[in-house]
Every structure is written in structure tokens, then in C-alpha cells.
>>> print(open('target_17.txt').read())   # compact mmCIF, C-alpha atoms and all ligand atoms
# COMPACT_ATOMS: atom_id res chain seq x y z
CA MET A 1 49.55 22.67 95.77
CA ARG A 2 48.31 19.62 93.86
CA PRO A 3 45.74 20.09 91.08
CA ASP A 4 43.07 18.13 92.98
CA ASP A 5 43.37 20.36 96.02
CA ASP A 6 40.44 22.58 95.09
CA ILE A 7 39.36 23.22 98.63
CA SER A 8 37.09 26.13 99.48
CA ASP A 9 38.23 29.18 101.43
CA ASP A 10 36.35 27.91 104.48
CA GLU A 11 38.08 24.56 104.24
CA ARG A 12 41.46 26.24 103.80
CA ARG A 13 40.85 28.34 106.90
CA HIS A 14 39.74 25.25 108.81
CA THR A 15 42.73 23.11 107.92
CA LEU A 16 44.99 26.05 108.77
CA ARG A 17 43.41 26.27 112.24
CA VAL A 18 43.96 22.50 112.69
CA ARG A 19 47.60 22.87 111.55
CA GLU A 20 48.21 25.76 113.94
CA SER A 21 46.70 23.89 116.85
CA ILE A 22 48.80 20.76 116.19
CA ALA A 23 51.90 22.90 115.60
CA ARG A 24 51.37 24.57 118.99
CA GLU A 25 51.18 21.15 120.63
CA ILE A 26 54.38 20.03 118.87
CA ALA A 27 56.17 23.18 120.05
CA ALA A 28 54.90 22.72 123.62
CA ALA A 29 56.11 19.11 123.58
CA GLY A 30 59.63 20.20 122.62
CA GLY A 31 59.36 19.70 118.85
CA TRP A 32 57.99 16.17 118.49
CA ILE A 33 54.71 14.33 119.13
CA SER A 34 53.93 10.67 118.50
CA PHE A 35 52.01 9.75 115.37
CA GLU A 36 49.25 8.38 117.59
CA ARG A 37 48.85 11.81 119.17
CA TYR A 38 48.92 13.50 115.75
CA MET A 39 46.19 11.19 114.44
CA ASP A 40 44.15 11.76 117.58
CA LEU A 41 44.30 15.53 117.10
CA ALA A 42 43.71 15.43 113.34
CA LEU A 43 40.61 13.25 113.76
CA TYR A 44 39.20 14.10 117.17
CA ALA A 45 40.45 17.47 118.53
CA PRO A 46 37.28 19.21 119.78
CA GLY A 47 35.87 21.53 117.12
CA LEU A 48 38.82 20.87 114.81
CA GLY A 49 39.33 17.17 114.07
CA TYR A 50 37.97 15.42 111.02
CA TYR A 51 35.31 13.61 113.07
CA SER A 52 34.63 16.35 115.60
CA ALA A 53 34.22 19.26 113.16
CA GLY A 54 32.01 19.60 110.11
CA ALA A 55 33.89 17.91 107.25
CA HIS A 56 31.70 16.39 104.53
CA LYS A 57 32.84 12.77 105.02
CA LEU A 58 30.32 10.33 103.53
CA GLY A 59 28.45 9.76 100.29
CA ALA A 60 28.50 11.87 97.14
CA GLY A 61 30.78 14.88 97.63
CA GLY A 62 32.21 13.24 100.76
CA ASP A 63 35.52 11.50 101.27
CA PHE A 64 34.73 7.82 101.26
CA THR A 65 32.05 5.30 100.42
CA THR A 66 31.32 2.60 102.94
CA ALA A 67 29.38 -0.64 102.45
CA PRO A 68 26.06 0.78 103.73
CA GLU A 69 26.53 3.77 101.39
CA ILE A 70 27.10 1.46 98.43
CA SER A 71 23.97 -0.56 98.99
CA SER A 72 21.05 -1.13 101.34
CA LEU A 73 21.75 -4.83 100.80
CA PHE A 74 24.51 -4.55 103.40
CA GLY A 75 22.24 -3.18 106.15
CA ALA A 76 19.53 -5.70 105.24
CA CYS A 77 21.98 -8.58 105.71
CA VAL A 78 23.25 -7.12 109.01
CA ALA A 79 19.60 -6.77 110.07
CA LYS A 80 18.95 -10.46 109.48
CA GLN A 81 22.03 -11.29 111.58
CA CYS A 82 20.70 -8.99 114.32
CA ALA A 83 17.31 -10.72 114.08
CA GLU A 84 18.86 -14.08 114.99
CA VAL A 85 20.28 -12.52 118.15
CA LEU A 86 17.18 -10.49 119.00
CA GLY A 87 15.18 -13.70 118.70
CA ALA A 88 17.32 -15.25 121.44
CA VAL A 89 17.06 -12.46 124.04
CA ARG A 90 14.12 -10.71 125.69
CA ASP A 91 13.31 -7.12 124.70
CA GLY A 92 16.60 -6.75 122.86
CA SER A 93 18.02 -3.45 121.66
CA ILE A 94 20.68 -2.49 119.14
CA LEU A 95 23.58 -0.11 119.69
CA GLU A 96 25.33 1.19 116.59
CA VAL A 97 28.72 2.77 117.17
CA GLY A 98 29.77 5.35 114.57
CA ALA A 99 26.65 5.49 112.42
CA GLY A 100 27.97 7.73 109.62
CA SER A 101 25.11 9.16 107.56
CA GLY A 102 22.56 6.94 109.36
CA ARG A 103 22.10 4.80 106.24
CA MET A 104 22.79 1.48 107.95
CA ALA A 105 20.48 2.39 110.86
CA VAL A 106 17.66 3.05 108.38
CA ASP A 107 18.33 -0.19 106.48
CA ILE A 108 18.59 -2.30 109.63
CA LEU A 109 15.39 -0.88 111.14
CA ALA A 110 13.47 -1.14 107.87
CA ARG A 111 14.42 -4.78 107.39
CA LEU A 112 13.74 -5.69 111.02
CA GLU A 113 10.31 -4.12 110.70
CA THR A 114 9.48 -6.39 107.77
CA LEU A 115 10.66 -9.33 109.89
CA ALA A 116 8.45 -8.10 112.78
CA GLN A 117 11.57 -8.07 114.95
CA LEU A 118 12.11 -4.42 115.71
CA PRO A 119 14.48 -3.78 118.62
CA ALA A 120 13.08 -2.16 121.76
CA ARG A 121 15.54 0.72 121.20
CA TYR A 122 18.06 1.61 118.48
CA LEU A 123 20.88 3.45 120.21
CA ILE A 124 23.51 5.41 118.30
CA LEU A 125 26.84 6.41 119.78
CA GLU A 126 28.38 9.01 117.52
CA VAL A 127 31.32 11.37 118.12
CA SER A 128 30.57 13.73 115.26
CA ALA A 129 27.97 16.45 115.91
CA ASP A 130 27.29 17.06 112.21
CA LEU A 131 26.91 13.34 111.49
CA LYS A 132 24.45 13.09 114.38
CA GLU A 133 22.40 15.80 112.68
CA ARG A 134 22.56 13.97 109.35
CA GLN A 135 21.50 10.74 111.03
CA ARG A 136 18.54 12.46 112.69
CA THR A 137 17.43 14.01 109.40
CA LEU A 138 17.74 10.77 107.44
CA LEU A 139 16.01 8.63 110.06
CA HIS A 140 13.22 11.15 110.45
CA ALA A 141 12.65 11.31 106.68
CA ALA A 142 12.92 7.57 106.04
CA LEU A 143 11.25 6.08 109.12
CA PRO A 144 9.27 8.80 110.93
CA HIS A 145 7.05 6.21 112.64
CA LEU A 146 10.08 4.60 114.34
CA GLY A 147 11.51 7.84 115.69
CA ASN A 148 10.60 7.03 119.29
CA ARG A 149 12.84 3.95 119.25
CA VAL A 150 16.00 5.78 118.17
CA GLU A 151 18.20 7.46 120.77
CA TRP A 152 21.53 9.27 120.41
CA LEU A 153 24.10 8.81 123.13
CA ASP A 154 27.26 10.68 124.08
CA THR A 155 28.66 7.84 126.14
CA LEU A 156 28.28 4.08 126.18
CA PRO A 157 25.00 2.92 127.74
CA PRO A 158 24.62 0.70 130.80
CA PRO A 159 24.56 -3.02 129.95
CA PHE A 160 21.62 -4.10 127.77
CA ASP A 161 20.57 -7.26 125.92
CA GLY A 162 20.82 -7.36 122.14
CA VAL A 163 23.38 -6.43 119.50
CA ILE A 164 26.20 -3.94 119.12
CA VAL A 165 27.24 -3.17 115.53
CA ALA A 166 30.13 -1.10 114.24
CA ASN A 167 31.06 -0.73 110.59
CA GLU A 168 34.35 0.97 109.73
CA VAL A 169 34.96 2.51 113.14
CA LEU A 170 37.94 0.47 114.37
CA ASP A 171 40.09 1.67 111.47
CA ALA A 172 39.76 5.27 112.69
CA LEU A 173 41.31 4.62 116.10
CA PRO A 174 44.73 6.32 116.28
CA VAL A 175 47.76 4.09 115.66
CA SER A 176 51.40 4.14 116.71
CA ARG A 177 53.89 3.92 113.85
CA PHE A 178 57.24 2.18 114.07
CA ARG A 179 60.27 1.53 111.89
CA TRP A 180 62.91 -1.16 112.04
CA ASP A 181 66.17 0.56 111.08
CA GLY A 182 68.16 -2.64 110.96
CA THR A 183 69.45 -2.38 114.51
CA VAL A 184 66.73 -0.86 116.69
CA PHE A 185 63.04 -0.06 116.55
CA GLU A 186 62.14 3.58 116.19
CA GLU A 187 58.86 5.30 116.92
CA LEU A 188 57.72 7.52 114.08
CA GLY A 189 56.33 10.81 115.22
CA VAL A 190 55.61 14.23 113.83
CA THR A 191 57.77 17.31 113.85
CA LEU A 192 57.78 20.64 112.05
CA ARG A 193 60.28 21.19 109.26
CA ASP A 194 60.22 24.54 107.44
CA GLY A 195 56.72 25.12 108.74
CA ALA A 196 55.37 21.79 107.41
CA PHE A 197 54.59 18.59 109.28
CA SER A 198 57.17 15.94 108.74
CA SER A 199 57.72 12.40 109.95
CA ALA A 200 60.57 12.04 112.45
CA ALA A 201 61.88 8.98 114.24
CA ARG A 202 62.97 8.49 117.85
CA PRO A 203 64.25 5.34 119.51
CA ALA A 204 61.22 3.35 120.69
CA ASP A 205 60.96 2.93 124.45
CA SER A 206 61.46 -0.59 125.74
CA ALA A 207 57.73 -1.44 125.93
CA MET A 208 57.20 -0.37 122.33
CA ALA A 209 60.38 -2.10 121.12
CA HIS A 210 59.24 -5.29 122.80
CA ARG A 211 55.87 -5.08 121.07
CA CYS A 212 57.36 -4.25 117.67
CA LYS A 213 59.76 -7.17 117.94
CA ALA A 214 56.85 -9.56 118.31
CA LEU A 215 55.05 -7.99 115.33
CA MET A 216 58.19 -8.00 113.17
CA ALA A 217 58.65 -11.70 113.85
CA HIS A 218 55.72 -12.26 111.49
CA ALA A 219 57.34 -10.18 108.76
CA MET A 220 60.66 -11.96 109.25
CA LEU A 221 58.95 -15.31 109.06
CA SER A 222 57.06 -14.38 105.91
CA ALA A 223 60.32 -13.29 104.27
CA GLY A 224 62.19 -16.33 105.53
CA GLN A 225 64.59 -13.82 107.09
CA PHE A 226 66.19 -13.38 110.46
CA PRO A 227 67.07 -10.20 112.32
CA GLY A 228 70.30 -8.82 110.96
CA ASP A 229 69.81 -10.09 107.40
CA GLY A 230 69.10 -6.54 106.30
CA VAL A 231 66.20 -7.41 104.03
CA LEU A 232 63.65 -5.72 106.25
CA ASP A 233 65.71 -2.66 107.17
CA GLY A 234 63.50 0.40 106.90
CA TYR A 235 60.32 -1.65 107.43
CA ILE A 236 57.49 0.62 108.61
CA SER A 237 54.22 -0.44 110.12
CA GLU A 238 51.78 0.45 112.83
CA TYR A 239 49.61 -0.95 115.59
CA CYS A 240 46.71 0.44 117.54
CA PRO A 241 47.52 0.58 121.27
CA ARG A 242 44.00 1.55 122.30
CA LEU A 243 42.16 -0.99 120.13
CA PRO A 244 41.75 -3.74 122.77
CA SER A 245 40.70 -1.46 125.64
CA TRP A 246 38.34 0.47 123.36
CA ALA A 247 36.69 -2.70 122.04
CA VAL A 248 36.46 -4.22 125.53
CA GLY A 249 34.89 -0.97 126.75
CA VAL A 250 32.25 -1.12 124.01
CA ALA A 251 31.46 -4.76 124.79
CA ARG A 252 30.94 -3.85 128.46
CA SER A 253 27.63 -2.34 127.36
CA LEU A 254 26.37 -5.78 126.43
CA ARG A 255 24.74 -8.01 129.06
CA THR A 256 23.62 -10.79 126.72
CA GLY A 257 23.93 -10.85 122.96
CA ALA A 258 26.40 -10.22 120.16
CA VAL A 259 28.90 -7.64 119.01
CA LEU A 260 29.35 -7.48 115.23
CA TRP A 261 32.48 -5.76 113.95
CA PHE A 262 32.99 -4.98 110.26
CA ASP A 263 36.16 -3.40 108.95
CA TYR A 264 39.09 -3.80 106.64
CA GLY A 265 41.92 -5.73 108.16
CA LEU A 266 43.80 -8.94 108.53
CA PRO A 267 44.93 -11.52 111.03
CA ARG A 268 48.26 -10.45 112.55
CA ALA A 269 50.35 -13.02 110.67
CA GLN A 270 49.07 -11.64 107.36
CA TYR A 271 49.19 -8.00 108.43
CA TYR A 272 52.89 -7.81 109.20
CA LEU A 273 54.16 -9.32 105.97
CA ALA A 274 57.58 -8.60 104.54
CA GLU A 275 56.13 -7.09 101.38
CA ARG A 276 53.87 -4.67 103.28
CA ARG A 277 56.89 -2.62 104.28
CA ASP A 278 55.26 0.82 104.33
CA GLY A 279 52.39 -0.12 106.65
CA THR A 280 48.68 0.16 105.95
CA LEU A 281 47.95 3.81 106.61
CA LEU A 282 45.25 5.12 104.26
CA CYS A 283 43.86 8.62 104.01
CA HIS A 284 40.64 9.59 102.29
CA PHE A 285 39.92 12.96 100.78
CA ARG A 286 37.10 13.47 98.30
CA HIS A 287 36.92 9.82 97.21
CA ARG A 288 40.65 9.73 96.60
CA VAL A 289 42.79 7.47 98.64
CA HIS A 290 46.20 8.92 99.44
CA ASP A 291 49.01 8.07 101.81
CA ASP A 292 49.96 11.47 103.17
CA PRO A 293 48.55 11.91 106.68
CA PHE A 294 49.84 15.49 106.77
CA ARG A 295 47.73 16.61 103.82
CA HIS A 296 44.74 18.72 104.85
CA PRO A 297 44.62 17.75 108.55
CA GLY A 298 41.04 18.10 109.75
CA LEU A 299 39.67 17.66 106.21
CA SER A 300 41.14 14.28 105.42
CA ASP A 301 40.28 10.97 107.06
CA ILE A 302 43.22 8.93 108.34
CA THR A 303 42.80 5.19 108.84
CA ALA A 304 44.83 2.02 109.28
CA TRP A 305 43.93 -1.59 108.70
CA VAL A 306 42.69 -3.51 111.72
CA ASP A 307 44.77 -6.28 113.26
CA PHE A 308 41.96 -8.77 113.84
CA THR A 309 44.16 -10.97 116.03
CA THR A 310 44.13 -8.09 118.52
CA MET A 311 40.34 -8.11 118.25
CA ALA A 312 40.26 -11.86 118.92
CA GLU A 313 42.41 -11.33 122.03
CA ALA A 314 40.13 -8.49 123.08
CA ALA A 315 37.12 -10.83 122.84
CA GLY A 316 38.74 -12.99 125.54
CA ALA A 317 39.56 -9.94 127.67
CA ALA A 318 35.92 -8.86 127.33
CA ASN A 319 34.70 -12.25 128.53
CA CYS A 320 33.07 -12.85 125.19
CA GLU A 321 33.21 -15.89 122.96
CA LEU A 322 34.84 -15.31 119.60
CA ALA A 323 31.88 -16.67 117.66
CA GLY A 324 32.94 -15.96 114.09
CA PHE A 325 35.46 -14.40 111.74
CA THR A 326 34.97 -14.34 108.00
CA THR A 327 35.27 -12.12 104.94
CA GLN A 328 32.55 -9.61 104.11
CA ALA A 329 31.76 -11.64 100.99
CA PHE A 330 31.13 -14.83 102.96
CA PHE A 331 29.21 -12.96 105.65
CA LEU A 332 26.85 -11.56 103.02
CA ALA A 333 26.55 -14.92 101.27
CA GLY A 334 25.78 -16.56 104.63
CA MET A 335 23.00 -14.02 105.14
CA HIS A 336 21.58 -14.92 101.69
CA ILE A 337 22.22 -11.61 100.01
CA GLU A 338 20.70 -12.99 96.80
CA ALA A 339 17.33 -13.36 98.53
CA GLU A 340 17.59 -9.70 99.60
CA MET A 341 18.35 -8.73 96.00
CA HIS A 342 15.17 -10.45 94.78
CA ALA A 343 13.14 -8.87 97.58
CA PHE A 344 14.50 -5.35 96.86
CA ALA A 345 14.08 -5.75 93.08
CA GLY A 346 10.47 -6.91 93.39
CA GLY A 347 10.59 -8.45 89.91
CA ASP A 348 12.01 -5.34 88.20
CA ALA A 349 14.88 -6.53 85.97
CA ASN A 350 16.61 -3.13 85.81
CA ARG A 351 16.52 -2.75 89.54
CA PHE A 352 17.86 -6.27 89.93
CA ALA A 353 20.77 -5.48 87.60
CA ARG A 354 21.63 -2.40 89.70
CA LEU A 355 21.48 -4.48 92.88
CA ALA A 356 23.66 -7.18 91.32
CA ASN A 357 26.21 -4.50 90.54
CA GLN A 358 26.15 -3.28 94.13
CA ALA A 359 26.48 -6.84 95.43
CA ARG A 360 29.56 -7.25 93.23
CA GLN A 361 31.12 -4.16 94.82
CA LEU A 362 30.42 -5.55 98.26
CA MET A 363 31.57 -9.07 97.52
CA LEU A 364 34.21 -9.32 94.79
CA PRO A 365 37.71 -10.05 96.07
CA GLY A 366 39.18 -7.09 94.18
CA GLU A 367 36.52 -4.78 95.64
CA MET A 368 35.39 -5.01 99.28
CA GLY A 369 34.75 -8.76 99.49
CA GLU A 370 38.04 -9.95 100.95
CA ARG A 371 39.71 -6.86 102.38
CA PHE A 372 36.72 -6.31 104.64
CA LYS A 373 36.09 -8.78 107.41
CA ALA A 374 33.25 -9.54 109.79
CA MET A 375 33.86 -10.65 113.35
CA ALA A 376 31.27 -11.73 115.94
CA TRP A 377 31.58 -11.85 119.70
CA LEU A 378 28.89 -13.51 121.79
CA ARG A 379 28.18 -13.00 125.46
CA GLY A 380 25.85 -15.27 127.42
CA LEU A 381 24.39 -16.85 124.28
CA ASP A 382 25.01 -20.16 122.60
CA LEU A 383 23.99 -19.37 119.05
CA GLU A 384 25.01 -20.33 115.52
CA LEU A 385 25.25 -17.10 113.53
CA SER A 386 24.31 -17.57 109.86
CA GLY A 387 26.71 -14.89 108.65
CA PHE A 388 29.62 -16.95 109.89
CA ALA A 389 28.38 -20.38 108.88
CA LEU A 390 29.82 -20.58 105.34
CA GLN A 391 33.43 -19.75 106.10
CA ASP A 392 35.25 -19.91 109.44
CA LEU A 393 38.56 -18.05 109.44
CA ARG A 394 39.07 -18.09 113.21
CA HIS A 395 42.01 -20.46 112.85
CA THR A 396 43.91 -17.72 111.00
CA LEU A 397 43.83 -15.35 113.98
C1 LIG A 401 34.16 5.71 108.33
S1 LIG A 401 32.76 6.28 109.16
C2 LIG A 401 31.68 4.87 109.03
C3 LIG A 401 30.25 5.27 109.17
C4 LIG A 401 29.23 4.15 109.07
N1 LIG A 401 29.42 3.15 110.08
C5 LIG A 401 29.26 3.54 107.69
O1 LIG A 401 29.68 2.41 107.57
O2 LIG A 401 28.86 4.21 106.74
C6 LIG A 401 33.24 6.22 110.86
C7 LIG A 401 32.13 6.58 111.81
O3 LIG A 401 32.55 6.35 113.14
C8 LIG A 401 32.41 7.53 113.90
N2 LIG A 401 33.49 7.46 114.88
C9 LIG A 401 34.80 7.62 114.66
N3 LIG A 401 35.49 7.41 115.80
C10 LIG A 401 34.57 7.07 116.74
C11 LIG A 401 34.65 6.74 118.11
N4 LIG A 401 35.82 6.72 118.75
N5 LIG A 401 33.49 6.46 118.77
C12 LIG A 401 32.30 6.48 118.13
N6 LIG A 401 32.16 6.80 116.83
C13 LIG A 401 33.29 7.10 116.15
C14 LIG A 401 32.50 8.64 112.88
O4 LIG A 401 32.00 9.86 113.31
C15 LIG A 401 31.70 8.02 111.75
O5 LIG A 401 30.33 8.09 112.00
>>> encode(input="target_17.txt", output="C-alpha cells")
Amino acid sequence: MRPDDDISDDERRHTLRVRESIAREIAAAGGWISFERYMDLALYAPGLGYYSAGAHKLGAGGDFTTAPEISSLFGACVAKQCAEVLGAVRDGSILEVGAGSGRMAVDILARLETLAQLPARYLILEVSADLKERQRTLLHAALPHLGNRVEWLDTLPPPFDGVIVANEVLDALPVSRFRWDGTVFEELGVTLRDGAFSSAARPADSAMAHRCKALMAHAMLSAGQFPGDGVLDGYISEYCPRLPSWAVGVARSLRTGAVLWFDYGLPRAQYYLAERRDGTLLCHFRHRVHDDPFRHPGLSDITAWVDFTTMAEAAGAANCELAGFTTQAFFLAGMHIEAEMHAFAGGDANRFARLANQARQLMLPGEMGERFKAMAWLRGLDLELSGFALQDLRHTL
């Protein structure tokens, strides 16, 4: 056991239950399950998965820190982007998918209130029962007078006018992993070896091999290599089979308005680079990033970078216009984050210095500024979105 694995007895019992449940499924499947299935179980198995059971997840003592957790400046900027859309529809509402601690919901509603542009309803679709409870508690404490506008949903709502927002949700959708062994594509799955989960490869079926070949072409091109040169033998990466249908399904809830996606990721041609030969899988446990998806299943978050070219294709499939794609830094600059800093600081120099520090975390290239992207889809609206006005990266998709 590693020195940082100081998990409580309850947590140890929980991760053991998750292990046993996944091990049973592996045995029932003849000794091997796909990585996508493993990730699905580790994150979403009812009562067991990281998102469906009671792991700590966000904020201090949690596993990761997202942009809204770093600073209310993020939610305030998203709110101003929402306001532009709400101003263009009648009686608009907001749907937030995967609302975490509820921080961004509070910040969006608070800022929209100051703009006198509150949405008719603020809907939250959340898979995690304990996060729903945290969201309720936070919203009730921070904005008790707006409680009647907030509604929690278990399924996507019927089409409404307004905005859908999702921050760091796409990266949690289970991915398929593949490896190029120099001759054929293999699908990486999970097996049990000496009682422990272990990665195991199988020949990819023809549909997967076809898909991987197209993705590998980008890596080959970036290396100036051709199949058979050997340079990329052993190359491992992943893709998210359910990403397009999931995103299209979410957008179906929108009659007129915008969908705003925020997440870490890249256009496809930059994702599948020769030098990124171990993929983009990232796990989070107690603010430490690690690369072992088999460590503490059910207690550890497992994520992969988002292929934003897939998201651009999904916009078309959803009958939406791809209205913008930019880095988080340029999105925040386009929404005039510095004006928000002055407003939040209210003339207090110390407070301003703290906010400037938070803005740096959100915007610097070595922090979240470039890794994280913002993408906007529009349906039934012809609108210039300020967050996407300073930098247009759509041509990279
Ligand atoms: C990494 S957290 C981000 C939380 C929040 N958006 C933030 O930025 O702080 C991912 C959130 O998405 C939720 N989630 C994960 N998968 C989901 C899914 N398939 N549908 C809806 N919510 C999901 C999680 O429960 C959690 O609230």
C-alpha cells in the first residue's frame, strides 16, 4: 500500500465492495471486460460507483478542484454569457448538467440576479445522490429567496428555451482504450491477475479497428511516420464511444438557445499526437492526480480528455450551429473577467489580490487557461456570444 493511501475503514470496505462487484462481472463475462465497461462500473454502478455512491469528490478534502470551486469569477462569467442568451429568448431557463457542489449554480444565479435577468427556472440534472444533497444545502444557504426557481431532475427535461451548461462532465463519460501493437489494433480491457485488476488486450473488432485507424492517422502524421515504421508501436489512447449520442441527447432538451460545454480537451488532430503515446487517462484521488484506474475503484475519479472534434460533429448531428470554440482563458477574457474582479473586490485591495490570484489559476496557460476549452452550440438563435469573440478556434476542429 502506498504511503498516501490513508483511507478510512469505511472507505476500505466500500472500495472492496466495488472491487468484488466488478470482479464478479469479469468472471461472469469469461475473464475479461472492456475498459469502457470497467469505467462505467467504477463511476456509475448503482450504490457503488464514484458518482453514484457517497465519495467526497469536490472542494477541500475532496478529490479535485474545478473552475467554479477555484473562484466565483468563473460562474459570474458564465452567468453573463447566459444573460446574452436569456435576453434573446422569452421566459428562458437554465439547465445545468452535473452541478458538483452547487457552487456554479449559486454563482450563476447570484450574478443573474444583479443583472435582473434571472431564469424562469434553474434545472439541475445530477446523477449523484449525495451531490444533490450538497447542492440543495448550498443553494438553500446562499440564495434562500431563489429556492422556488431551482429544480432537481432525474432525467432530461422536455425541450425548453434558454441555456444548458456543463462544466467538467464530458470527461467523466466512459472511454474505450486501444493499443497499436505494430500490426493490429487491440482493445484494452480489464482482467483479474492474482486477485488484482490488470489491463489485458484483445484484438479489436473490425468496427473498433476501423475507428482506431482513423485516429492513429493523426498520430502518424504528427510523427511524420507511416504504418509499419515501428515508431508508434505500443501507442495507447482512448476515445469515448458514447460522447456524441450523449451530447446530442442533452441538446435535445433545448428548443431555442445555447449549450455551453466546458472541459479539458483538444481538437482531434492535437489529441492523437505521436508524443501522447500513453493516452490521456487521469484519475483523481484526494487532490492527487494519478494514472492508475485500478486504484481505489469507487473512491477515485477516472477521466479522459475530451476530443472536441467529436463534439463539433455532435453539434451537427444535434441540428445545432457550432457557434464557438475557444480556450477557457479567452472565454473568461471575452466575458470581461477583470470587470468581475473589480465588482467582487468592491475597492478592497486585499480581496482584489486574492481574486487576481484565482483569475491566474483559471487563465494561465500552465494552469487551466489552455487545457480547458469552452464550446458553444446554438439552436434557433443568431447571436454573437461574447465569450467566443476574442479567439475563434473552430478551424482547428
Ligand atoms: C467533475 S464533477 C464537476 C462538477 C461541477 N460541474 C463543477 O465544475 O464543479 C462532475 C459532475 O458531473 C456529474 N455527472 C457525472 N456523470 C454525469 C452524467 N452522466 N450525467 C449527469 N451528471 C453527471 C457528477 O455527479 C458531478 O456533479
>>> closest_residue(input="target_17.txt", among="A:Glu36, A:Asp233, A:Glu11, A:Glu275", to="A:Asp181", atoms="only C-alpha atoms")
A:Asp233
>>> atom_distance(input="target_17.txt", atom1="atom C12 of ligand LIG 401 (chain A)", atom2="atom CA of A:Ala251")
13.1 Å
>>> closest_residue(input="target_17.txt", among="A:Ser8, A:Gln135, A:Gln117, A:Ser52", to="A:Gly147", atoms="all atoms listed in the file")
A:Gln135
>>> closest_residue(input="target_17.txt", among="A:Asp9, A:Glu126, A:Glu113, A:Glu25", to="ligand LIG 401 (chain A)", atoms="all atoms listed in the file")
A:Glu126
>>> atom_distance(input="target_17.txt", atom1="atom CA of A:Leu95", atom2="atom CA of A:Leu123")
4.5 Å
>>> atom_distance(input="target_17.txt", atom1="atom CA of A:Leu192", atom2="atom CA of A:Phe294")
10.8 Å
>>> residues_near_ligand(input="target_17.txt", ligand="ligand LIG 401 (chain A)", cutoff="7 Å", atoms="all atoms listed in the file", output="ChimeraX atom specification")
/A:51,66-69,97-101,103-104,125-128,131,166-169,172-173
>>> closest_residue(input="target_17.txt", among="A:Arg19, A:His290, A:Arg242, A:Arg371", to="A:Gly265", atoms="all atoms listed in the file")
A:Arg371
>>> closest_atom_pairs(input="target_17.txt", of="stretch 11-116 of chain A", to="stretch 197-218 of chain A", cutoff="9 Å", atoms="only C-alpha atoms", output="tab-separated table")
residue	atom	partner	partner_atom	distance
A:Arg19	CA	A:Phe197	CA	8.5
A:Ala23	CA	A:Phe197	CA	8.1
A:Trp32	CA	A:Ala200	CA	7.8
A:Phe35	CA	A:Ser199	CA	8.3
>>> residues_around(input="target_17.txt", residues="A:Arg149", least_positions_apart="2", cutoff="7 Å", atoms="only C-alpha atoms", output="ChimeraX atom specification")
/A:120-122,146-147,151
>>> build_atoms(input="target_17.txt", residues="stretch 255-276 of chain A", atoms="N, CA and C atoms", output="JSON list (two decimals), keeping the file's coordinate frame")
[["chain", "number", "residue", "atom", "x", "y", "z"],
["A", 255, "ARG", "N", 24.96, -7.01, 128.00],
["A", 255, "ARG", "CA", 24.74, -8.01, 129.06],
["A", 255, "ARG", "C", 24.68, -9.38, 128.40],
["A", 256, "THR", "N", 23.76, -9.54, 127.46],
["A", 256, "THR", "CA", 23.62, -10.79, 126.72],
["A", 256, "THR", "C", 23.42, -10.44, 125.25],
["A", 257, "GLY", "N", 24.14, -11.12, 124.38],
["A", 257, "GLY", "CA", 23.93, -10.85, 122.96],
["A", 257, "GLY", "C", 25.20, -10.94, 122.16],
["A", 258, "ALA", "N", 25.27, -10.13, 121.10],
["A", 258, "ALA", "CA", 26.40, -10.22, 120.16],
["A", 258, "ALA", "C", 26.96, -8.84, 119.84],
["A", 259, "VAL", "N", 28.27, -8.83, 119.58],
["A", 259, "VAL", "CA", 28.90, -7.64, 119.01],
["A", 259, "VAL", "C", 29.35, -8.01, 117.60],
["A", 260, "LEU", "N", 28.97, -7.22, 116.62],
["A", 260, "LEU", "CA", 29.35, -7.48, 115.23],
["A", 260, "LEU", "C", 30.27, -6.36, 114.75],
["A", 261, "TRP", "N", 31.50, -6.75, 114.42],
["A", 261, "TRP", "CA", 32.48, -5.76, 113.95],
["A", 261, "TRP", "C", 32.70, -5.97, 112.46],
["A", 262, "PHE", "N", 32.68, -4.89, 111.69],
["A", 262, "PHE", "CA", 32.99, -4.98, 110.26],
["A", 262, "PHE", "C", 34.08, -3.94, 109.97],
["A", 263, "ASP", "N", 35.11, -4.37, 109.29],
["A", 263, "ASP", "CA", 36.16, -3.40, 108.95],
["A", 263, "ASP", "C", 37.17, -4.04, 108.02],
["A", 264, "TYR", "N", 38.04, -3.20, 107.44],
["A", 264, "TYR", "CA", 39.09, -3.80, 106.64],
["A", 264, "TYR", "C", 40.28, -4.13, 107.53],
["A", 265, "GLY", "N", 40.82, -5.31, 107.31],
["A", 265, "GLY", "CA", 41.92, -5.73, 108.16],
["A", 265, "GLY", "C", 42.29, -7.16, 107.91],
["A", 266, "LEU", "N", 43.21, -7.62, 108.74],
["A", 266, "LEU", "CA", 43.80, -8.94, 108.53],
["A", 266, "LEU", "C", 44.15, -9.58, 109.86],
["A", 267, "PRO", "N", 44.30, -10.90, 109.87],
["A", 267, "PRO", "CA", 44.93, -11.52, 111.03],
["A", 267, "PRO", "C", 46.38, -11.05, 111.12],
["A", 268, "ARG", "N", 46.93, -11.04, 112.33],
["A", 268, "ARG", "CA", 48.26, -10.45, 112.55],
["A", 268, "ARG", "C", 49.33, -11.05, 111.63],
["A", 269, "ALA", "N", 49.29, -12.37, 111.45],
["A", 269, "ALA", "CA", 50.35, -13.02, 110.67],
["A", 269, "ALA", "C", 50.31, -12.59, 109.20],
["A", 270, "GLN", "N", 49.15, -12.11, 108.75],
["A", 270, "GLN", "CA", 49.07, -11.64, 107.36],
["A", 270, "GLN", "C", 49.25, -10.13, 107.25],
["A", 271, "TYR", "N", 49.08, -9.46, 108.38],
["A", 271, "TYR", "CA", 49.19, -8.00, 108.43],
["A", 271, "TYR", "C", 50.65, -7.59, 108.29],
["A", 272, "TYR", "N", 51.48, -8.21, 109.15],
["A", 272, "TYR", "CA", 52.89, -7.81, 109.20],
["A", 272, "TYR", "C", 53.70, -8.70, 108.26],
["A", 273, "LEU", "N", 53.43, -8.55, 106.97],
["A", 273, "LEU", "CA", 54.16, -9.32, 105.97],
["A", 273, "LEU", "C", 55.37, -8.52, 105.49],
["A", 274, "ALA", "N", 56.36, -9.26, 105.02],
["A", 274, "ALA", "CA", 57.58, -8.60, 104.54],
["A", 274, "ALA", "C", 57.27, -7.60, 103.42],
["A", 275, "GLU", "N", 56.36, -7.98, 102.53],
["A", 275, "GLU", "CA", 56.13, -7.09, 101.38],
["A", 275, "GLU", "C", 55.31, -5.84, 101.73],
["A", 276, "ARG", "N", 54.64, -5.86, 102.90],
["A", 276, "ARG", "CA", 53.87, -4.67, 103.28],
["A", 276, "ARG", "C", 54.80, -3.78, 104.11]]
